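Novice: Have a look at the structure that comes next, please.
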Amino acid sequence: MINKIISLEEACNIVNSGDMVAFGGNVLHRAPMAFTRELIRQNKGDLKVVKTAGAHEVDILCGAGLVQSVDAGFISYESEYGLANFYRKSVQDGVVKGNEHACYTVICALRAGAYGVPFMPVKGLMYGDLLVKNDYFKMVEDPFGSGPITIVKALNPDVAIIHVQECDEKGNAIIYGPKFDDVLMSRAAKKVIITTEQIVNENKIKMSNIDVDIPGFLVEAVVHIPRGADPCSCDKKYDINRNVLSEFKKFKSKEEVIKYVEAYEKHDRLSSNRRYV
């Protein structure tokens with residue numbers, strides 16, 4: 001039996017500076033925040049971030065100065081918290097290249113990556129100005145004669161980081177509640193790292209009436225980390241930590257971001273060093 005459970009620190013070593021990294025979850029829900037904070041502790045820089053609709057994980061990475069580019073359809077907090085200020089400033093200052101998508105074009109790009117094809121047709125691109133704003137979008141002639149068609153370049157992230165509620169030690173993962181585009185992301189990425197609220201026995205996975213969302217053969221490593229999405233929510237487990245997010249939104253500097261990450265260090269690393277028996 002292959003046991004894929006490792007510590008947060010060990011799992012983060014799988015990611016290299018300069019990698020294209022996709023983050024699961026959506027806005028403030030089931031984002032892999034413990035892993036994101038470990039990326040900052042290990043100073044994994046020049047990251048090319050992929051996210052359909054992101055918030056805190058993208059913002060905090062930009063605040064730490066570790067992002068080269070972002071491919072996303074939406075980066076902002078939900079209305080209660082306002083804009084992702086570190087991300088916005090990084091793009092405005094030219095520090096981060098924002099490859100603006102619609103959420104659907106990120107999904108189409110990941111779908112192309114999962115299918116092993118270089119691009120995916122996206123008809124709706126003809127009717128906006130995204131075509132001239134993003135180098136990943138092109139217009140080509142349909143070889144079957146229907147006229148011009150717009151396409152989006154495939155995205156094959158080097159690593160996808162996905163937080164789930166349950167996973168066994170072989171990496172078979174189950175997501176409760178909205179799955180967002182995490183399943184697709186796991187098929188498009190070259191490597192998948194799962195962070196999980198709970199490690200369950202393999203027999204429970206086999207006997208469950210819920211299908212496995214991400215099969216273990218796709219998974220490089222599993223990190224057991226309860227509250228691994230905090231301060232974001234995790235369906236069936238906990239809600240958004242409003243006090244923490246409200247405090248974070250007051251931050252203006254990289255130094256404040258680093259101190260914030262350090263405050264989580266004991267929880268993140270001690271939790272992930274548990275081993276399932």
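Order determines the names: the first chain of the structure tokens is A, the second B, and so forth; residues in each chain are numbered 1 upward, and ligands are numbered 1 upward as they are shown.
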For stretch 30-132 of chain A versus stretch 262-265 of chain A, which residues have an atom no more than 12 Å away, and what is each residue's nearest atom pair and distance in Å rounded to one decimal, using only C-alpha atoms, chain-then-number order, as a Markdown table?
Specialist:
```
| residue | atom | partner | partner_atom | distance |
| --- | --- | --- | --- | --- |
| A:Met33 | CA | A:Tyr264 | CA | 10.2 |
| A:Ala34 | CA | A:Tyr264 | CA | 8.2 |
| A:Phe35 | CA | A:Glu265 | CA | 10.8 |
| A:Thr36 | CA | A:Tyr264 | CA | 11.3 |
| A:Arg37 | CA | A:Tyr264 | CA | 8.0 |
| A:Glu38 | CA | A:Glu265 | CA | 8.1 |
| A:Leu39 | CA | A:Glu265 | CA | 11.6 |
| A:Ile40 | CA | A:Glu262 | CA | 9.5 |
| A:Arg41 | CA | A:Glu262 | CA | 7.8 |
| A:Gln42 | CA | A:Glu262 | CA | 11.6 |
```
Novice: Could the residues in this selection be saved with N, CA and C atoms as a PDB file, in the first residue's frame?
Specialist:
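Wrote out.pdb, looks like this:
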```
ATOM      1  N   MET A  33      -5.500  27.545   2.063  1.00  0.00           N
ATOM      2  CA  MET A  33      -4.766  28.639   2.683  1.00  0.00           C
ATOM      3  C   MET A  33      -3.542  28.185   3.470  1.00  0.00           C
ATOM      4  N   ALA A  34      -3.604  27.047   4.151  1.00  0.00           N
ATOM      5  CA  ALA A  34      -2.430  26.584   4.895  1.00  0.00           C
ATOM      6  C   ALA A  34      -1.257  26.363   3.944  1.00  0.00           C
ATOM      7  N   PHE A  35      -1.539  25.771   2.789  1.00  0.00           N
ATOM      8  CA  PHE A  35      -0.469  25.546   1.814  1.00  0.00           C
ATOM      9  C   PHE A  35       0.026  26.876   1.256  1.00  0.00           C
ATOM     10  N   THR A  36      -0.876  27.801   1.016  1.00  0.00           N
ATOM     11  CA  THR A  36      -0.479  29.120   0.515  1.00  0.00           C
ATOM     12  C   THR A  36       0.472  29.802   1.488  1.00  0.00           C
ATOM     13  N   ARG A  37       0.149  29.729   2.758  1.00  0.00           N
ATOM     14  CA  ARG A  37       1.033  30.341   3.758  1.00  0.00           C
ATOM     15  C   ARG A  37       2.403  29.666   3.788  1.00  0.00           C
ATOM     16  N   GLU A  38       2.434  28.339   3.580  1.00  0.00           N
ATOM     17  CA  GLU A  38       3.725  27.637   3.566  1.00  0.00           C
ATOM     18  C   GLU A  38       4.565  28.047   2.351  1.00  0.00           C
ATOM     19  N   LEU A  39       3.912  28.319   1.230  1.00  0.00           N
ATOM     20  CA  LEU A  39       4.646  28.839   0.068  1.00  0.00           C
ATOM     21  C   LEU A  39       5.368  30.139   0.423  1.00  0.00           C
ATOM     22  N   ILE A  40       4.712  30.959   1.219  1.00  0.00           N
ATOM     23  CA  ILE A  40       5.324  32.223   1.637  1.00  0.00           C
ATOM     24  C   ILE A  40       6.479  31.963   2.592  1.00  0.00           C
ATOM     25  N   ARG A  41       6.302  31.050   3.541  1.00  0.00           N
ATOM     26  CA  ARG A  41       7.383  30.734   4.486  1.00  0.00           C
ATOM     27  C   ARG A  41       8.614  30.210   3.749  1.00  0.00           C
ATOM     28  N   GLN A  42       8.387  29.423   2.708  1.00  0.00           N
ATOM     29  CA  GLN A  42       9.512  28.861   1.955  1.00  0.00           C
ATOM     30  C   GLN A  42       9.973  29.768   0.819  1.00  0.00           C
TER      31      GLN A  42
END
```
Novice: Could you pull the residues within 7 Å of stretch 10-25 of chain A, counting only C-alpha atoms, minus those fewer than 4 positions along the same chain, as a short mmCIF file (atom, residue, chain, number, x, y, z; two decimals) with C-alpha atoms, in the first residue's frame?
Specialist:
```cif
data_model
loop_
_atom_site.label_atom_id
_atom_site.label_comp_id
_atom_site.auth_asym_id
_atom_site.auth_seq_id
_atom_site.Cartn_x
_atom_site.Cartn_y
_atom_site.Cartn_z
CA ILE A 6 3.51 13.85 4.17
CA HIS A 29 -14.53 29.00 0.03
CA ARG A 30 -12.29 25.94 0.38
CA ALA A 31 -9.15 27.79 -0.68
CA PRO A 32 -5.94 25.92 0.30
CA GLU A 38 3.73 27.64 3.57
CA LEU A 39 4.65 28.84 0.07
CA LYS A 44 8.63 30.20 -3.45
CA GLY A 45 8.71 33.14 -5.85
CA ASP A 46 7.91 34.02 -9.47
CA LEU A 47 4.76 31.92 -9.30
CA LYS A 48 2.35 31.87 -12.22
CA VAL A 49 -1.00 31.61 -10.47
CA VAL A 50 -4.10 30.03 -12.03
CA LYS A 51 -7.52 30.47 -10.41
CA PRO A 157 -0.32 23.91 -14.28
CA ASP A 158 2.87 22.39 -12.92
CA VAL A 159 1.05 21.80 -9.64
CA ALA A 160 -2.58 22.02 -8.48
CA ILE A 161 -3.23 22.55 -4.77
CA ILE A 162 -6.71 21.40 -3.75
CA HIS A 163 -8.24 21.39 -0.27
CA PHE A 180 -16.11 24.42 -8.41
CA ASP A 182 -11.28 21.51 -8.79
CA ALA A 221 1.00 13.93 -1.98
#
```
Novice: Work out how far atom CA of A:Ser69 is from atom CA of A:Lys138, in Å to one decimal.
Specialist: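 Answer for the atom CA of A:Lys138 to atom CA of A:Ser69 separation: 19.1 Å.
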Novice: Quick one: residues within 8 Å of A:Glu169, only C-alpha atoms, excluding same-chain residues fewer than 4 positions away - as a ChimeraX atom specification?
Specialist: /A:2-5,199-202,222,276
Novice: Write out the residues from the selection above, keeping all heavy atoms, as a CSV table (one decimal), in the first residue's frame.
Specialist:
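Writing done, so here's part.csv:
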```csv
chain,number,residue,atom,x,y,z
A,2,ILE,N,0.6,2.2,-0.9
A,2,ILE,CA,1.3,3.4,-1.0
A,2,ILE,C,0.7,4.5,-0.1
A,2,ILE,O,-0.4,4.9,-0.3
A,2,ILE,CB,1.4,3.9,-2.4
A,2,ILE,CG1,2.1,2.9,-3.3
A,2,ILE,CG2,2.2,5.2,-2.5
A,2,ILE,CD1,2.0,3.2,-4.8
A,3,ASN,N,1.4,4.9,0.9
A,3,ASN,CA,0.9,6.0,1.8
A,3,ASN,C,1.5,7.3,1.3
A,3,ASN,O,2.7,7.5,1.3
A,3,ASN,CB,1.4,5.7,3.3
A,3,ASN,CG,0.7,6.7,4.2
A,3,ASN,OD1,0.5,7.8,3.9
A,3,ASN,ND2,0.5,6.2,5.4
A,4,LYS,N,0.6,8.2,0.9
A,4,LYS,CA,1.1,9.5,0.3
A,4,LYS,C,1.1,10.6,1.3
A,4,LYS,O,1.3,11.8,0.9
A,4,LYS,CB,0.2,9.8,-0.9
A,4,LYS,CG,0.4,8.8,-2.0
A,4,LYS,CD,-0.4,9.2,-3.3
A,4,LYS,CE,-0.2,8.1,-4.4
A,4,LYS,NZ,-0.9,8.5,-5.6
A,5,ILE,N,0.8,10.3,2.6
A,5,ILE,CA,0.7,11.4,3.6
A,5,ILE,C,2.0,11.9,4.0
A,5,ILE,O,2.9,11.2,4.4
A,5,ILE,CB,-0.1,10.9,4.8
A,5,ILE,CG1,-1.5,10.4,4.4
A,5,ILE,CG2,-0.3,12.1,5.8
A,5,ILE,CD1,-2.2,9.7,5.6
A,199,ILE,N,-8.3,12.5,7.3
A,199,ILE,CA,-7.9,11.3,6.7
A,199,ILE,C,-8.8,10.2,7.1
A,199,ILE,O,-9.1,10.0,8.3
A,199,ILE,CB,-6.4,10.9,7.1
A,199,ILE,CG1,-5.4,12.0,6.7
A,199,ILE,CG2,-6.0,9.6,6.5
A,199,ILE,CD1,-5.2,12.1,5.2
A,200,VAL,N,-9.4,9.5,6.1
A,200,VAL,CA,-10.3,8.5,6.4
A,200,VAL,C,-9.8,7.1,5.9
A,200,VAL,O,-8.9,7.1,5.1
A,200,VAL,CB,-11.7,8.7,5.8
A,200,VAL,CG1,-12.3,10.0,6.3
A,200,VAL,CG2,-11.6,8.8,4.3
A,201,ASN,N,-10.3,6.1,6.5
A,201,ASN,CA,-9.8,4.7,6.1
A,201,ASN,C,-10.2,4.4,4.6
A,201,ASN,O,-11.3,4.8,4.2
A,201,ASN,CB,-10.5,3.7,7.0
A,201,ASN,CG,-9.8,2.3,6.9
A,201,ASN,OD1,-10.1,1.6,5.9
A,201,ASN,ND2,-9.0,1.9,7.8
A,202,GLU,N,-9.3,3.7,4.0
A,202,GLU,CA,-9.6,3.4,2.6
A,202,GLU,C,-10.9,2.7,2.4
A,202,GLU,O,-11.6,2.9,1.4
A,202,GLU,CB,-8.4,2.5,2.1
A,202,GLU,CG,-8.6,2.1,0.6
A,202,GLU,CD,-7.5,1.1,0.2
A,202,GLU,OE1,-6.6,0.8,1.0
A,202,GLU,OE2,-7.5,0.6,-0.9
A,222,VAL,N,-0.4,13.9,-0.1
A,222,VAL,CA,-1.6,14.3,0.8
A,222,VAL,C,-1.1,14.9,2.1
A,222,VAL,O,-0.1,14.4,2.7
A,222,VAL,CB,-2.4,13.1,1.1
A,222,VAL,CG1,-3.6,13.4,2.1
A,222,VAL,CG2,-3.0,12.4,-0.1
A,276,TYR,N,-1.4,9.7,10.1
A,276,TYR,CA,-2.6,8.8,10.2
A,276,TYR,C,-2.2,7.4,10.5
A,276,TYR,O,-1.3,6.8,9.9
A,276,TYR,CB,-3.5,8.8,9.0
A,276,TYR,CG,-4.6,7.9,9.0
A,276,TYR,CD1,-5.7,8.1,9.8
A,276,TYR,CD2,-4.6,6.8,8.2
A,276,TYR,CE1,-6.8,7.2,9.8
A,276,TYR,CE2,-5.7,5.9,8.2
A,276,TYR,CZ,-6.7,6.1,9.0
A,276,TYR,OH,-7.8,5.2,9.0
```
Novice: Which of stretch 3-155 of chain A end up as strand (DSSP E or B) when DSSP is run on this backbone - answer as an MDAnalysis selection string?
Specialist: chainID A and resid 5 20:23 26 29 47:54 67:75 97:100 119:121 137:141 148:153
